[in-house]
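Printed here is coords_3.pdb (PDB, C-alpha atoms):
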```
ATOM      1  CA  MET E  73      -9.257 287.217  70.396
ATOM      2  CA  ASP E  74      -7.335 290.229  69.175
ATOM      3  CA  THR E  75      -5.509 290.021  65.871
ATOM      4  CA  MET E  76      -1.791 290.277  65.187
ATOM      5  CA  ARG E  77      -2.329 293.785  63.892
ATOM      6  CA  ASP E  78      -4.291 294.735  67.028
ATOM      7  CA  ARG E  79      -1.199 293.775  69.015
ATOM      8  CA  PHE E  80       1.206 295.696  66.767
ATOM      9  CA  ALA E  81       0.513 299.318  67.738
ATOM     10  CA  PRO E  82       0.471 298.804  71.541
ATOM     11  CA  VAL E  83       3.729 296.838  71.443
ATOM     12  CA  VAL E  84       5.559 299.336  69.236
ATOM     13  CA  SER E  85       4.116 302.292  71.196
ATOM     14  CA  GLN E  86       5.633 300.802  74.336
ATOM     15  CA  LEU E  87       8.958 300.349  72.542
ATOM     16  CA  LEU E  88       8.832 304.012  71.516
ATOM     17  CA  ASP E  89       8.566 304.903  75.218
ATOM     18  CA  GLU E  90      11.418 302.588  76.182
ATOM     19  CA  ASP E  91      13.981 303.120  73.425
ATOM     20  CA  PRO E  92      14.849 306.567  72.014
ATOM     21  CA  ARG E  93      16.249 304.924  68.869
ATOM     22  CA  VAL E  94      12.859 303.560  67.818
ATOM     23  CA  ALA E  95      10.828 305.504  65.262
ATOM     24  CA  VAL E  96       7.643 304.602  63.387
ATOM     25  CA  VAL E  97       6.961 305.527  59.770
ATOM     26  CA  LEU E  98       3.441 305.079  58.389
ATOM     27  CA  ALA E  99       1.743 305.647  55.053
ATOM     28  CA  GLU E 100      -1.728 306.590  56.334
ATOM     29  CA  ILE E 101      -2.723 302.951  56.830
ATOM     30  CA  GLY E 102      -2.493 302.119  60.541
ATOM     31  CA  ALA E 103      -2.008 305.727  61.654
ATOM     32  CA  VAL E 104      -5.006 305.969  64.006
ATOM     33  CA  PRO E 105      -3.717 303.462  66.612
ATOM     34  CA  PHE E 106      -0.510 305.511  66.882
ATOM     35  CA  GLU E 107      -2.212 308.861  67.589
ATOM     36  CA  GLU E 108      -1.455 308.778  71.315
ATOM     37  CA  ALA E 109       2.146 307.677  70.698
ATOM     38  CA  ALA E 110       2.490 310.504  68.181
ATOM     39  CA  ARG E 111       1.431 313.025  70.823
ATOM     40  CA  ARG E 112       4.100 311.681  73.178
ATOM     41  CA  HIS E 113       6.789 311.368  70.489
ATOM     42  CA  PRO E 114       5.927 313.784  67.660
ATOM     43  CA  ASP E 115       9.456 313.593  66.279
ATOM     44  CA  ARG E 116       9.482 309.791  66.121
ATOM     45  CA  VAL E 117       6.027 308.919  64.719
ATOM     46  CA  VAL E 118       5.890 310.034  61.085
ATOM     47  CA  ASN E 119       2.926 309.639  58.719
ATOM     48  CA  VAL E 120       4.015 310.386  55.145
ATOM     49  CA  GLY E 121       0.524 309.929  53.670
ATOM     50  CA  ILE E 122      -0.223 307.598  50.782
ATOM     51  CA  ARG E 123       3.355 307.674  49.486
ATOM     52  CA  GLU E 124       4.828 304.220  49.888
ATOM     53  CA  GLN E 125       8.126 304.963  48.138
ATOM     54  CA  LEU E 126       8.580 307.899  50.503
ATOM     55  CA  LEU E 127       7.691 305.627  53.422
ATOM     56  CA  VAL E 128      10.729 303.475  52.646
ATOM     57  CA  GLY E 129      13.002 306.400  51.784
ATOM     58  CA  ALA E 130      12.138 308.252  55.000
ATOM     59  CA  GLY E 131      12.689 305.089  57.021
ATOM     60  CA  ALA E 132      16.092 304.557  55.440
ATOM     61  CA  GLY E 133      17.003 308.175  56.150
ATOM     62  CA  LEU E 134      16.188 307.650  59.815
ATOM     63  CA  ALA E 135      18.284 304.472  59.821
ATOM     64  CA  LEU E 136      21.240 306.375  58.383
ATOM     65  CA  THR E 137      21.096 308.693  61.410
ATOM     66  CA  GLY E 138      21.289 305.734  63.801
ATOM     67  CA  MET E 139      17.566 305.279  64.464
ATOM     68  CA  ARG E 140      15.744 301.939  64.495
ATOM     69  CA  PRO E 141      12.767 302.628  62.197
ATOM     70  CA  VAL E 142       9.634 300.487  62.105
ATOM     71  CA  LEU E 143       7.751 300.830  58.796
ATOM     72  CA  HIS E 144       4.153 299.678  58.451
ATOM     73  CA  THR E 145       1.507 299.310  55.762
ATOM     74  CA  PHE E 146      -0.117 296.526  53.729
ATOM     75  CA  ALA E 147       2.341 293.989  52.326
ATOM     76  CA  SER E 148       1.630 294.904  48.712
ATOM     77  CA  PHE E 149       2.482 298.552  49.480
ATOM     78  CA  LEU E 150       5.437 297.793  51.762
ATOM     79  CA  VAL E 151       7.385 295.205  49.759
ATOM     80  CA  GLU E 152       6.089 295.142  46.195
ATOM     81  CA  ARG E 153       5.231 298.758  45.274
ATOM     82  CA  PRO E 154       8.408 300.364  46.725
ATOM     83  CA  PHE E 155      10.743 297.426  46.097
ATOM     84  CA  GLU E 156      13.297 299.593  44.296
ATOM     85  CA  GLN E 157      13.574 301.752  47.404
ATOM     86  CA  VAL E 158      13.855 298.684  49.653
ATOM     87  CA  LYS E 159      16.661 297.392  47.438
ATOM     88  CA  LEU E 160      18.579 300.653  47.159
ATOM     89  CA  ASP E 161      17.765 302.620  50.303
ATOM     90  CA  PHE E 162      18.188 299.754  52.751
ATOM     91  CA  GLN E 163      20.074 296.949  51.026
ATOM     92  CA  HIS E 164      22.535 299.036  49.005
ATOM     93  CA  GLN E 165      23.084 301.566  51.789
ATOM     94  CA  GLY E 166      23.706 298.751  54.255
ATOM     95  CA  VAL E 167      21.248 299.983  56.895
ATOM     96  CA  GLY E 168      18.513 298.147  58.741
ATOM     97  CA  ALA E 169      14.873 298.552  59.684
ATOM     98  CA  VAL E 170      11.838 296.561  60.708
ATOM     99  CA  LEU E 171       9.226 296.278  57.959
ATOM    100  CA  VAL E 172       5.874 295.174  59.398
ATOM    101  CA  SER E 173       3.145 294.282  56.927
ATOM    102  CA  ALA E 174      -0.568 293.568  57.124
ATOM    103  CA  ALA E 175      -3.131 291.940  54.808
ATOM    104  CA  ALA E 176      -0.780 289.028  53.937
ATOM    105  CA  SER E 177      -1.676 286.980  50.846
ATOM    106  CA  PHE E 178      -5.442 287.483  50.751
ATOM    107  CA  ASP E 179      -6.648 288.716  54.151
ATOM    108  CA  TRP E 180      -8.892 291.365  52.592
ATOM    109  CA  PRO E 181     -10.370 289.805  49.453
ATOM    110  CA  ALA E 182     -12.760 292.734  48.920
ATOM    111  CA  GLY E 183      -9.725 294.951  48.348
ATOM    112  CA  GLY E 184      -8.889 293.014  45.212
ATOM    113  CA  PHE E 185      -5.499 291.937  43.918
ATOM    114  CA  THR E 186      -3.933 295.347  44.619
ATOM    115  CA  HIS E 187      -4.227 294.538  48.337
ATOM    116  CA  MET E 188      -2.902 290.981  48.108
ATOM    117  CA  SER E 189       0.757 290.005  48.303
ATOM    118  CA  PRO E 190       1.413 286.270  48.029
ATOM    119  CA  GLY E 191       4.826 286.997  46.476
ATOM    120  CA  ASP E 192       6.284 289.224  49.202
ATOM    121  CA  VAL E 193       8.621 286.693  50.827
ATOM    122  CA  ALA E 194       9.784 285.381  47.458
ATOM    123  CA  LEU E 195      10.562 288.944  46.370
ATOM    124  CA  LEU E 196      12.595 289.649  49.509
ATOM    125  CA  ASP E 197      14.471 286.407  48.809
ATOM    126  CA  THR E 198      16.162 288.218  45.923
ATOM    127  CA  LEU E 199      17.988 290.316  48.533
ATOM    128  CA  ASP E 200      20.686 289.070  50.870
ATOM    129  CA  GLY E 201      20.570 288.823  54.621
ATOM    130  CA  TRP E 202      16.961 289.594  55.534
ATOM    131  CA  THR E 203      15.328 288.026  58.565
ATOM    132  CA  VAL E 204      11.699 287.072  57.886
ATOM    133  CA  HIS E 205       9.228 286.351  60.696
ATOM    134  CA  VAL E 206       5.813 284.828  59.946
ATOM    135  CA  PRO E 207       3.912 284.566  63.238
ATOM    136  CA  GLY E 208       0.892 282.317  63.482
ATOM    137  CA  HIS E 209      -0.750 283.903  66.544
ATOM    138  CA  PRO E 210      -0.929 287.377  68.135
ATOM    139  CA  ASP E 211       1.226 286.248  71.086
ATOM    140  CA  GLU E 212       3.904 285.102  68.652
ATOM    141  CA  ALA E 213       3.589 288.362  66.739
ATOM    142  CA  GLU E 214       4.353 290.307  69.910
ATOM    143  CA  THR E 215       7.376 288.119  70.685
ATOM    144  CA  LEU E 216       8.746 288.394  67.159
ATOM    145  CA  LEU E 217       8.138 292.143  66.952
ATOM    146  CA  ARG E 218      10.209 292.611  70.090
ATOM    147  CA  HIS E 219      12.942 290.375  68.648
ATOM    148  CA  ALA E 220      12.888 292.374  65.425
ATOM    149  CA  VAL E 221      13.200 295.807  67.013
ATOM    150  CA  ALA E 222      15.965 294.588  69.326
ATOM    151  CA  ALA E 223      17.943 293.053  66.442
ATOM    152  CA  GLY E 224      20.607 295.753  66.236
ATOM    153  CA  ASP E 225      20.711 297.145  62.728
ATOM    154  CA  ASP E 226      19.436 294.021  60.972
ATOM    155  CA  ARG E 227      16.938 294.161  58.126
ATOM    156  CA  VAL E 228      13.803 292.380  59.338
ATOM    157  CA  TYR E 229      10.414 291.690  57.768
ATOM    158  CA  VAL E 230       7.497 290.773  60.056
ATOM    159  CA  ARG E 231       4.509 289.413  58.131
ATOM    160  CA  LEU E 232       1.297 289.906  60.107
ATOM    161  CA  SER E 233      -1.934 288.194  59.081
ATOM    162  CA  ALA E 234      -5.586 288.211  60.062
ATOM    163  CA  GLN E 235      -5.400 284.413  59.860
ATOM    164  CA  ALA E 236      -4.157 282.746  63.022
ATOM    165  CA  ASN E 237      -3.856 279.449  64.837
ATOM    166  CA  LEU E 238      -6.012 278.938  67.921
ATOM    167  CA  ALA E 239      -3.075 278.922  70.347
ATOM    168  CA  GLY E 240       0.315 280.572  70.403
ATOM    169  CA  ARG E 241       3.543 278.679  70.961
ATOM    170  CA  ALA E 242       6.884 279.481  72.546
ATOM    171  CA  VAL E 243       8.794 280.788  69.531
ATOM    172  CA  ASP E 244      12.331 282.159  69.806
ATOM    173  CA  GLY E 245      12.855 284.047  66.558
ATOM    174  CA  HIS E 246      15.401 281.532  65.286
ATOM    175  CA  ARG E 247      14.537 277.846  65.260
ATOM    176  CA  PHE E 248      11.762 275.628  63.951
ATOM    177  CA  LEU E 249       9.666 274.100  66.720
ATOM    178  CA  PRO E 250       9.114 270.302  66.635
ATOM    179  CA  VAL E 251       5.392 269.717  67.150
ATOM    180  CA  ARG E 252       4.902 266.072  66.186
ATOM    181  CA  ALA E 253       7.316 263.179  65.666
ATOM    182  CA  GLY E 254       6.986 260.553  62.946
ATOM    183  CA  ARG E 255       9.055 258.209  60.789
ATOM    184  CA  HIS E 256       7.954 258.741  57.187
ATOM    185  CA  GLY E 257       8.381 262.338  56.125
ATOM    186  CA  VAL E 258       8.727 265.866  57.481
ATOM    187  CA  VAL E 259       6.057 268.524  57.104
ATOM    188  CA  VAL E 260       7.087 272.132  57.764
ATOM    189  CA  ALA E 261       4.085 274.324  58.581
ATOM    190  CA  VAL E 262       4.693 278.071  58.400
ATOM    191  CA  GLY E 263       2.857 280.546  60.625
ATOM    192  CA  PRO E 264      -0.950 280.502  60.326
ATOM    193  CA  THR E 265      -0.967 277.179  58.442
ATOM    194  CA  LEU E 266      -0.108 275.101  61.526
ATOM    195  CA  ASP E 267      -3.625 274.229  62.734
ATOM    196  CA  ALA E 268      -4.764 273.088  59.288
ATOM    197  CA  THR E 269      -1.533 271.113  58.832
ATOM    198  CA  LEU E 270      -1.920 269.330  62.164
ATOM    199  CA  GLU E 271      -5.505 268.433  61.309
ATOM    200  CA  ALA E 272      -4.436 267.268  57.852
ATOM    201  CA  THR E 273      -1.675 265.009  59.216
ATOM    202  CA  GLU E 274      -3.649 263.542  62.123
ATOM    203  CA  GLY E 275      -2.958 259.799  62.187
ATOM    204  CA  LEU E 276      -0.159 260.025  59.616
ATOM    205  CA  ASP E 277       3.305 258.810  60.631
ATOM    206  CA  VAL E 278       5.065 262.098  59.852
ATOM    207  CA  SER E 279       7.034 264.692  61.759
ATOM    208  CA  VAL E 280       5.680 268.237  61.862
ATOM    209  CA  LEU E 281       7.900 271.288  62.360
ATOM    210  CA  TYR E 282       6.453 274.716  63.086
ATOM    211  CA  ALA E 283       8.258 277.632  61.417
ATOM    212  CA  THR E 284       7.648 281.249  62.416
ATOM    213  CA  THR E 285      11.073 282.468  61.343
ATOM    214  CA  VAL E 286      11.725 281.344  57.778
ATOM    215  CA  ARG E 287      14.795 283.448  56.984
ATOM    216  CA  PRO E 288      17.381 282.538  57.969
ATOM    217  CA  PHE E 289      16.036 279.065  57.251
ATOM    218  CA  ASP E 290      16.632 276.609  60.100
ATOM    219  CA  ALA E 291      18.616 274.077  58.085
ATOM    220  CA  ALA E 292      19.971 272.388  61.226
ATOM    221  CA  GLY E 293      16.479 271.901  62.611
ATOM    222  CA  LEU E 294      15.297 270.379  59.343
ATOM    223  CA  ARG E 295      18.319 268.068  59.244
ATOM    224  CA  ARG E 296      17.583 266.809  62.755
ATOM    225  CA  ALA E 297      14.003 266.026  61.765
ATOM    226  CA  THR E 298      15.033 264.203  58.583
ATOM    227  CA  ASP E 299      17.500 262.054  60.546
ATOM    228  CA  ALA E 300      14.505 260.337  62.133
ATOM    229  CA  ALA E 301      11.794 260.779  59.512
ATOM    230  CA  GLY E 302      13.620 260.541  56.196
ATOM    231  CA  THR E 303      14.221 263.136  53.517
ATOM    232  CA  ASP E 304      10.764 263.520  52.002
ATOM    233  CA  VAL E 305       9.814 267.102  52.923
ATOM    234  CA  VAL E 306       6.531 268.976  52.507
ATOM    235  CA  LEU E 307       6.418 272.755  52.943
ATOM    236  CA  VAL E 308       3.094 274.398  53.800
ATOM    237  CA  GLU E 309       3.522 278.157  53.401
ATOM    238  CA  PRO E 310       0.853 280.899  53.551
ATOM    239  CA  TYR E 311       2.402 282.719  50.591
ATOM    240  CA  LEU E 312       3.617 281.749  47.118
ATOM    241  CA  SER E 313       3.988 277.982  46.831
ATOM    242  CA  GLY E 314       7.565 276.805  46.529
ATOM    243  CA  THR E 315       9.067 279.921  48.117
ATOM    244  CA  SER E 316      11.255 277.875  50.477
ATOM    245  CA  THR E 317      11.949 274.832  48.315
ATOM    246  CA  ARG E 318      15.392 276.207  47.451
ATOM    247  CA  ALA E 319      16.179 276.527  51.153
ATOM    248  CA  VAL E 320      15.208 272.894  51.702
ATOM    249  CA  ASN E 321      17.294 271.800  48.727
ATOM    250  CA  ASP E 322      20.287 273.690  50.109
ATOM    251  CA  ALA E 323      19.812 272.165  53.562
ATOM    252  CA  LEU E 324      19.701 268.627  52.140
ATOM    253  CA  ALA E 325      22.092 269.127  49.206
ATOM    254  CA  ASP E 326      24.289 266.178  50.180
ATOM    255  CA  LEU E 327      21.337 263.782  50.550
ATOM    256  CA  PRO E 328      18.846 262.267  48.095
ATOM    257  CA  HIS E 329      15.567 263.995  48.899
ATOM    258  CA  ARG E 330      12.168 265.084  47.597
ATOM    259  CA  VAL E 331      10.364 268.361  48.274
ATOM    260  CA  LEU E 332       6.736 269.346  47.803
ATOM    261  CA  GLY E 333       5.962 273.052  48.121
ATOM    262  CA  LEU E 334       2.371 273.906  48.995
ATOM    263  CA  GLY E 335       1.051 277.445  49.262
ATOM    264  CA  VAL E 336      -0.675 280.138  47.249
ATOM    265  CA  GLY E 337      -0.746 279.438  43.527
ATOM    266  CA  ARG E 338       0.337 281.803  40.765
ATOM    267  CA  ARG E 339      -3.090 281.881  39.144
ATOM    268  CA  GLU E 340      -4.992 285.015  40.144
ATOM    269  CA  LEU E 341      -8.422 284.384  41.650
ATOM    270  CA  ARG E 342     -10.557 287.245  40.354
ATOM    271  CA  ARG E 343     -13.628 286.873  42.567
ATOM    272  CA  TYR E 344     -13.538 288.571  45.953
ATOM    273  CA  GLY E 345     -15.105 285.792  48.035
ATOM    274  CA  THR E 346     -14.103 285.299  51.672
ATOM    275  CA  VAL E 347     -10.786 284.462  53.260
ATOM    276  CA  GLU E 348     -12.079 280.947  53.963
ATOM    277  CA  GLU E 349     -13.030 280.490  50.310
ATOM    278  CA  HIS E 350      -9.578 281.626  49.220
ATOM    279  CA  VAL E 351      -7.956 279.154  51.636
ATOM    280  CA  VAL E 352      -9.930 276.316  50.059
ATOM    281  CA  ALA E 353      -9.314 277.540  46.511
ATOM    282  CA  GLN E 354      -5.562 277.588  47.204
ATOM    283  CA  GLY E 355      -5.623 274.065  48.668
ATOM    284  CA  LEU E 356      -4.581 275.217  52.124
ATOM    285  CA  ASP E 357      -7.550 273.833  54.054
ATOM    286  CA  ALA E 358      -7.085 270.651  56.080
ATOM    287  CA  ARG E 359      -8.912 268.371  53.626
ATOM    288  CA  SER E 360      -6.924 269.557  50.601
ATOM    289  CA  LEU E 361      -3.642 269.432  52.521
ATOM    290  CA  ARG E 362      -4.283 265.847  53.574
ATOM    291  CA  GLU E 363      -4.894 264.797  49.974
ATOM    292  CA  GLN E 364      -1.745 266.532  48.754
ATOM    293  CA  ILE E 365       0.514 265.415  51.606
ATOM    294  CA  GLY E 366      -0.808 261.850  51.528
ATOM    295  CA  GLY E 367      -0.436 261.666  47.767
ATOM    296  CA  PHE E 368       3.153 262.878  47.923
ATOM    297  CA  LEU E 369       4.314 260.677  50.784
ATOM    298  CA  GLY E 370       2.401 257.623  49.610
ATOM    299  CA  ALA E 371       1.288 254.451  51.366
ATOM    300  CA  ARG E 372       4.053 254.530  54.022
ATOM    301  CA  VAL E 373       2.314 257.219  56.064
TER
END
```
Re-express the file's structure as structure tokens.
Amino acid sequence: MDTMRDRFAPVVSQLLDEDPRVAVVLAEIGAVPFEEAARRHPDRVVNVGIREQLLVGAGAGLALTGMRPVLHTFASFLVERPFEQVKLDFQHQGVGAVLVSAAASFDWPAGGFTHMSPGDVALLDTLDGWTVHVPGHPDEAETLLRHAVAAGDDRVYVRLSAQANLAGRAVDGHRFLPVRAGRHGVVVAVGPTLDATLEATEGLDVSVLYATTVRPFDAAGLRRATDAAGTDVVLVEPYLSGTSTRAVNDALADLPHRVLGLGVGRRELRRYGTVEEHVVAQGLDARSLREQIGGFLGARV
């Protein structure tokens, strides 16, 4: 099966052919798959080299001229390293773009902590009005990329990962998708965590929601689920644990509720290891999730 990132360049290359507003800005990483598109559209495929701050500044400049820029590199170089430019050049100027990342929280352990970005979504949460897509399958990545580019002048972040669920689902870029119905708690699984979450909750009397668009947070969808399953909520996110607990608290502010945020911990793991070993070390494998979810929800499930 191809990866989300494998799907990225062909989809955006097609959009370059279809829409004269679309431009692509790269910082060396990911440039090779766009070579053919660059020959067709030399004025709209720009590789700035290993200059991530310039990547964002050039993208914002294109947006100010009315273009719809798509910016791509690893998450740590797209959100964290040039965050001042993201804040000022896009947010302060009031222009939009599509930021598409790769490598996620720990997709390339051999690259070390410089190539990991578990805090990217939490960092973007300090800014107002961003849409954040977290696909869990290459098919969903294609759907959400198309949504993102077509979203007028909105500011959109698409978080691609080498980790994926076995099957894609019909996502719409807005709402959480109910996957399983239960009576004693709601578990929200984000993007690539769905398969492990479903395995972890097998036989438990809980509802499971699948989230591939986490900002704006689907408060209405969560409320509908809690009407039937109660207001104990578990979040399983493939980035910094607790990133969306505030969103859950806001959605249920008028109701007594409990929230457990599961995800990547703050402690840095300093051995490279494999992606699978990092998943286990972060407690995001099915066995660890079952222990944590069961412990939180108690004997009722």
Might you pull out every residue within 12 Å of Ala182 (chain E), with all atoms listed in the file counted and same-chain residues fewer than 4 positions away left off, and present them as a PyMOL selection string?
chain E and resi 175+178+186-188+341-347+350
Output C-alpha atoms for every residue in that selection, as a PDB file, in the coordinates of the input.
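For reference, part_2.pdb as written:
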```
ATOM      1  CA  ALA E 175      -3.131 291.940  54.808  1.00  0.00           C
ATOM      2  CA  PHE E 178      -5.442 287.483  50.751  1.00  0.00           C
ATOM      3  CA  THR E 186      -3.933 295.347  44.619  1.00  0.00           C
ATOM      4  CA  HIS E 187      -4.227 294.538  48.337  1.00  0.00           C
ATOM      5  CA  MET E 188      -2.902 290.981  48.108  1.00  0.00           C
ATOM      6  CA  LEU E 341      -8.422 284.384  41.650  1.00  0.00           C
ATOM      7  CA  ARG E 342     -10.557 287.245  40.354  1.00  0.00           C
ATOM      8  CA  ARG E 343     -13.628 286.873  42.567  1.00  0.00           C
ATOM      9  CA  TYR E 344     -13.538 288.571  45.953  1.00  0.00           C
ATOM     10  CA  GLY E 345     -15.105 285.792  48.035  1.00  0.00           C
ATOM     11  CA  THR E 346     -14.103 285.299  51.672  1.00  0.00           C
ATOM     12  CA  VAL E 347     -10.786 284.462  53.260  1.00  0.00           C
ATOM     13  CA  HIS E 350      -9.578 281.626  49.220  1.00  0.00           C
TER      14      HIS E 350
END
```
For region 325-332 of chain E: contacts at 7 Å, all atoms listed in the file, fewer than 6 positions along chain excluded, given as a list in words
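Counting only the stated atoms, we get Thr303, Asp304, Val305, Val306, Leu307 and Thr317 of chain E.
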Of the residues E:His219, E:Arg140, E:His205, E:Arg287, which is the one nearest to Ser233 (chain E), using all atoms listed in the file?
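Comparing E:His219, E:Arg140, E:His205, E:Arg287 against Ser233 (chain E), the winner is E:His205.
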Applying the PyMOL selection byres ((chain E and resi 242) around 10) to the file I just gave you, which residues come out? Please list them as number ranges by chain.
E: 211-212, 215, 240-241, 243-245, 249
Here CA of Asn321 (chain E) and CA of Glu309 (chain E) stand apart by 15.9 Å
Using only C-alpha atoms, pick whichever of E:Thr298, E:Thr265, E:Ser177, E:Ser316 has the shortest atom-to-atom distance to Gly208 (chain E).
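Looking only at the distances to Gly208 (chain E), the closest residue turns out to be E:Thr265.
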Identify all residues satisfying the PyMOL selection byres ((chain E and resi 254) around 12) in the given file; provide them as a list in words.
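Output of the PyMOL selection byres ((chain E and resi 254) around 12): Pro250, Val251, Arg252, Ala253, Arg255, His256, Gly257, Val258, Val259, Thr273, Glu274, Gly275, Leu276, Asp277, Val278, Ser279, Val280, Leu281, Ala297, Thr298, Asp299, Ala300, Ala301, Gly302, Asp304, Arg372 and Val373 of chain E.
Minimum atom-to-atom distances from E:Val151, E:Val221, E:Ala99, E:Ala239 to Val117 (chain E) were compared using only C-alpha atoms, and the lowest value belongs to E:Ala99.
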With a distance cut-off of 12 Å and only C-alpha atoms, select the neighbouring residues of Ala103 (chain E), excluding the residue or stretch itself and same-chain residues fewer than 6 positions from it, and output the selection as a ChimeraX atom specification.
/E:80-81,85,96-97,109-110,117-122,143-145
Using the file's own x, y and z axes, what box holds all listed atoms of region 90-93 of chain E with 8 Å on each side, keeping edges along x, y and z, and what are its centre and edge lengths in Å to one decimal, as JSON?
```
{"center_x": 13.8, "center_y": 304.6, "center_z": 72.5, "size_x": 20.8, "size_y": 20.0, "size_z": 23.3}
```
Resolved residues for the PyMOL selection byres ((chain E and resi 149) around 12) as a short mmCIF file (atom, residue, chain, number, x, y, z; two decimals) with C-alpha atoms, in the coordinates of the input:
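Okay, this is what ended up in result_12.cif:
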```cif
data_model
loop_
_atom_site.label_atom_id
_atom_site.label_comp_id
_atom_site.auth_asym_id
_atom_site.auth_seq_id
_atom_site.Cartn_x
_atom_site.Cartn_y
_atom_site.Cartn_z
CA LEU E 98 3.44 305.08 58.39
CA ALA E 99 1.74 305.65 55.05
CA GLU E 100 -1.73 306.59 56.33
CA ILE E 101 -2.72 302.95 56.83
CA ILE E 122 -0.22 307.60 50.78
CA ARG E 123 3.36 307.67 49.49
CA GLU E 124 4.83 304.22 49.89
CA GLN E 125 8.13 304.96 48.14
CA LEU E 126 8.58 307.90 50.50
CA LEU E 127 7.69 305.63 53.42
CA VAL E 128 10.73 303.48 52.65
CA LEU E 143 7.75 300.83 58.80
CA HIS E 144 4.15 299.68 58.45
CA THR E 145 1.51 299.31 55.76
CA PHE E 146 -0.12 296.53 53.73
CA ALA E 147 2.34 293.99 52.33
CA SER E 148 1.63 294.90 48.71
CA LEU E 150 5.44 297.79 51.76
CA VAL E 151 7.38 295.20 49.76
CA GLU E 152 6.09 295.14 46.20
CA ARG E 153 5.23 298.76 45.27
CA PRO E 154 8.41 300.36 46.72
CA PHE E 155 10.74 297.43 46.10
CA GLN E 157 13.57 301.75 47.40
CA VAL E 158 13.86 298.68 49.65
CA LEU E 171 9.23 296.28 57.96
CA VAL E 172 5.87 295.17 59.40
CA SER E 173 3.14 294.28 56.93
CA ALA E 174 -0.57 293.57 57.12
CA ALA E 175 -3.13 291.94 54.81
CA ALA E 176 -0.78 289.03 53.94
CA PHE E 185 -5.50 291.94 43.92
CA THR E 186 -3.93 295.35 44.62
CA HIS E 187 -4.23 294.54 48.34
CA MET E 188 -2.90 290.98 48.11
CA SER E 189 0.76 290.00 48.30
CA ASP E 192 6.28 289.22 49.20
#
```
